[in-house]
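Novice: What follows is a structure written as structure tokens; I'll ask about it next.
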Amino acid sequence: MLRSTLLAASRSRGVRRLVEANPLTKPVVARFVAGTTPEDAVRATRALRDQNMYVTLDHLGEDTLAAQQAADTVRAYQQMLQVLSAEGLADRAEVSVKLSAVGQFLPADGEKIALDNARLICEAAAAAGTTVTLDMEDHTTTDSTLGILRDLRVDFPWVGAVLQAYLHRTEQDCRDLAGEGSRVRLCKGAYSEPASVAYQDKAEVDRSYVRCLKILMEGDGYPMVASHDPRMVAIAADLAARSGRSADSYEFQMLYGIRAEEQKRIASEGNKLRVYVAYGDEWYGYFMRRLAERPANLVFFLRSLLSQN
């Protein structure tokens with residue numbers, strides 16, 4: 001119930017105004033969000049690079065309902081990719097893009113606009129010498145996102161996809177996307193979904209995650225294991241070994257600010273570890289989903305607020 005309440009709050013304009021107006025919130029948000037500017041994102045990227053980690057950068061923003069706002073998001077990604085190239089960080093950092101931020105929900109031709117905008121970002125990534133991963137949002141966008149992915153991969157076969165293990169459909173999606181050259185980030189899922197399309201019990205989600213992970217590890221693609229769960233990390237390593245995978249044929253992914261010491265440990269053991277680094281002014285929805293994912297995050301948030309009073 002707590003998780004569903006927090007996820008509902010992530011879509012509430014009223015709660016958003018209250019949280020954003022509280023001056024005590026921002027120091028806590030800094031744990032999960034690298035900052036608001038490209039300079040902040042580059043600083044975080046460089047620090048993680050120096051710890052032998054990789055990065056995927058998310059310019060925060062979603063549910064864009066204005067074409068100009070979508071175009072501004074595209075320019076922000078283009079500028080970031082140019083900076084990554086100029087700073088010599090493109091071999092360590094890629095970008096993650098939410099299609100809703102580049103026009104997917106626009107009332108007229110939203111999918112076409114999102115495809116065209118995503119193509120511009122992919123062109124900038126190719127010029128910089130790095131890659132793009134399309135983030136997945138709630139289940140109503142899955143078919144649209146995978147359709148845009150297929151179109152993009154005609155010219156940019158390295159575009160990554162995200163699949164969410166809590167959806168009933170995901171095992172089949174993993175089979176469809178486990179081919180040679182395909183990059184797939186497997187996560188558990190961070191949105192509030194109905195029982196008709198998603199597993200509701202944590203144990204069921206975990207079992208689905210393992211089944212999906214097995215499909216990806218036995219396939220010919222490049223699995224990206226997005227989980228902070230120590231059991232899933234251990235299972236992924238075991239499945240990779242059983243499948244005869246080398247350390248450079250898959251990677252682990254974790255969120256900025258969560259289990260930082262574990263990230264260092266995984267990277268220090270010769271594994272490829274990529275950190276999902278979010279930055280930008282539109283941090284509210286992302287921040288609330290991080291609180292909903294793990295009770296420990298909410299406890300940390302509340303303790304931090306109390307300690308500042």
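By order in the structure tokens, chains are A, B, ...; within a chain, residues start at 1; ligands start at 1, following the order shown.
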Hey, what's within 10 Å of segment 108-124 of chain A if we count only C-alpha atoms and toss same-chain stuff fewer than 6 positions away? As a PyMOL selection string, please?
Specialist: chain A and resi 65+67+70-71+73-82+95+97-102+130-134+144-145+147-149+151-153+155-156+158-159
Novice: Run DSSP on the backbone of this structure and report the residues of segment 221-300 of chain A it assigns to alpha helix (DSSP H), as a PyMOL selection string.
Specialist: chain A and resi 230-242+260-268+284-293+295-300
Novice: Smallest atom-to-atom distance to Leu186 of chain A: which of A:Ala203, A:Met217, A:Cys174, A:Ala226, using only C-alpha atoms?
Specialist: A:Ala226
Novice: Go ahead and compute the interatomic distance for atom CA of Val277 of chain A and atom CA of Lys264 of chain A, in Å to one decimal.
Specialist: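 We find that atom CA of Val277 of chain A and atom CA of Lys264 of chain A lie 15.3 Å from each other.
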Novice: Which value, in Å to one decimal, gives the distance between atom CA of Glu193 of chain A and atom CA of Gln263 of chain A?
Specialist: 29.0 Å
Novice: Taking the chain letters and numbering used in this document, name the residues of segment 51-195 of chain A that DSSP puts in strand (DSSP E), as a VMD selection string.
Specialist: chain A and resid 54 to 59 93 to 98 132 to 135 160 to 164 183 to 187
Novice: Find, counting only C-alpha atoms, the residue in A:Ala66, A:Ala93, A:Ala126, A:Val162 that gets nearest to Leu106 of chain A.
Specialist: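 Between A:Ala66, A:Ala93, A:Ala126, A:Val162, the residue approaching Leu106 of chain A most closely is A:Ala66.
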Novice: Any idea what the distance is between atom CA of Leu239 of chain A and atom CA of Glu262 of chain A?
Specialist: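 Distance between the two atoms: 19.6 Å.
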Novice: Compile the contact shell of Cys187 of chain A as a CSV table (one decimal) with N, CA and C atoms, in the first residue's frame: residues with an atom at most 10 Å away, counting only C-alpha atoms, same-chain residues fewer than 2 positions apart removed.
Specialist:
chain,number,residue,atom,x,y,z
A,136,MET,N,11.9,2.5,-20.5
A,136,MET,CA,10.5,2.0,-20.5
A,136,MET,C,9.7,2.6,-19.4
A,162,VAL,N,14.7,-1.4,-22.7
A,162,VAL,CA,14.5,-1.7,-21.3
A,162,VAL,C,13.2,-2.6,-21.2
A,163,LEU,N,13.3,-3.7,-20.5
A,163,LEU,CA,12.2,-4.6,-20.3
A,163,LEU,C,12.0,-4.7,-18.7
A,164,GLN,N,10.7,-4.8,-18.3
A,164,GLN,CA,10.3,-4.8,-16.9
A,164,GLN,C,9.7,-6.1,-16.5
A,165,ALA,N,10.4,-6.8,-15.6
A,165,ALA,CA,10.1,-8.2,-15.3
A,165,ALA,C,8.7,-8.3,-14.6
A,166,TYR,N,8.2,-7.3,-14.1
A,166,TYR,CA,6.9,-7.5,-13.4
A,166,TYR,C,5.7,-7.6,-14.4
A,184,VAL,N,19.8,-5.2,-24.0
A,184,VAL,CA,18.5,-5.2,-23.2
A,184,VAL,C,18.8,-5.0,-21.7
A,185,ARG,N,18.3,-3.9,-21.2
A,185,ARG,CA,18.3,-3.7,-19.7
A,185,ARG,C,17.1,-4.3,-19.1
A,189,GLY,N,10.8,-3.1,-12.5
A,189,GLY,CA,9.7,-2.3,-12.8
A,189,GLY,C,9.4,-1.3,-11.7
A,190,ALA,N,9.1,-0.1,-12.1
A,190,ALA,CA,8.9,1.0,-11.0
A,190,ALA,C,7.6,1.7,-11.1
A,209,TYR,N,11.8,-12.3,-13.0
A,209,TYR,CA,13.1,-11.6,-13.3
A,209,TYR,C,14.1,-12.7,-13.6
A,212,CYS,N,13.4,-14.3,-17.0
A,212,CYS,CA,13.7,-13.4,-18.1
A,212,CYS,C,15.3,-13.3,-18.3
A,213,LEU,N,15.9,-13.2,-17.1
A,213,LEU,CA,17.4,-13.1,-17.1
A,213,LEU,C,18.0,-14.4,-17.8
A,224,MET,N,21.8,-6.4,-19.8
A,224,MET,CA,22.2,-5.4,-18.8
A,224,MET,C,21.3,-5.6,-17.6
A,225,VAL,N,22.0,-6.1,-16.5
A,225,VAL,CA,21.3,-6.5,-15.3
A,225,VAL,C,21.0,-5.4,-14.4
A,226,ALA,N,19.8,-4.8,-14.4
A,226,ALA,CA,19.5,-3.7,-13.5
A,226,ALA,C,18.8,-4.1,-12.3
A,227,SER,N,19.6,-4.2,-11.2
A,227,SER,CA,19.0,-4.7,-9.9
A,227,SER,C,20.0,-4.3,-8.8
A,228,HIS,N,19.4,-4.0,-7.6
A,228,HIS,CA,20.2,-3.8,-6.4
A,228,HIS,C,20.1,-5.0,-5.5
A,253,GLN,N,23.8,-3.0,-13.7
A,253,GLN,CA,23.5,-1.6,-13.7
A,253,GLN,C,22.8,-1.3,-12.3
A,254,MET,N,23.2,-0.1,-11.7
A,254,MET,CA,22.5,0.3,-10.5
A,254,MET,C,22.3,1.8,-10.6
Novice: May I have the residues within 10 Å of Glu282 of chain A as a list in words, using only C-alpha atoms and disregarding those fewer than 4 positions away in the same chain?
Specialist: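 In the requested form, the answer reads Thr36, His59, Leu60, Gly61, Glu62, Ala278, Tyr286 and Phe287 of chain A.
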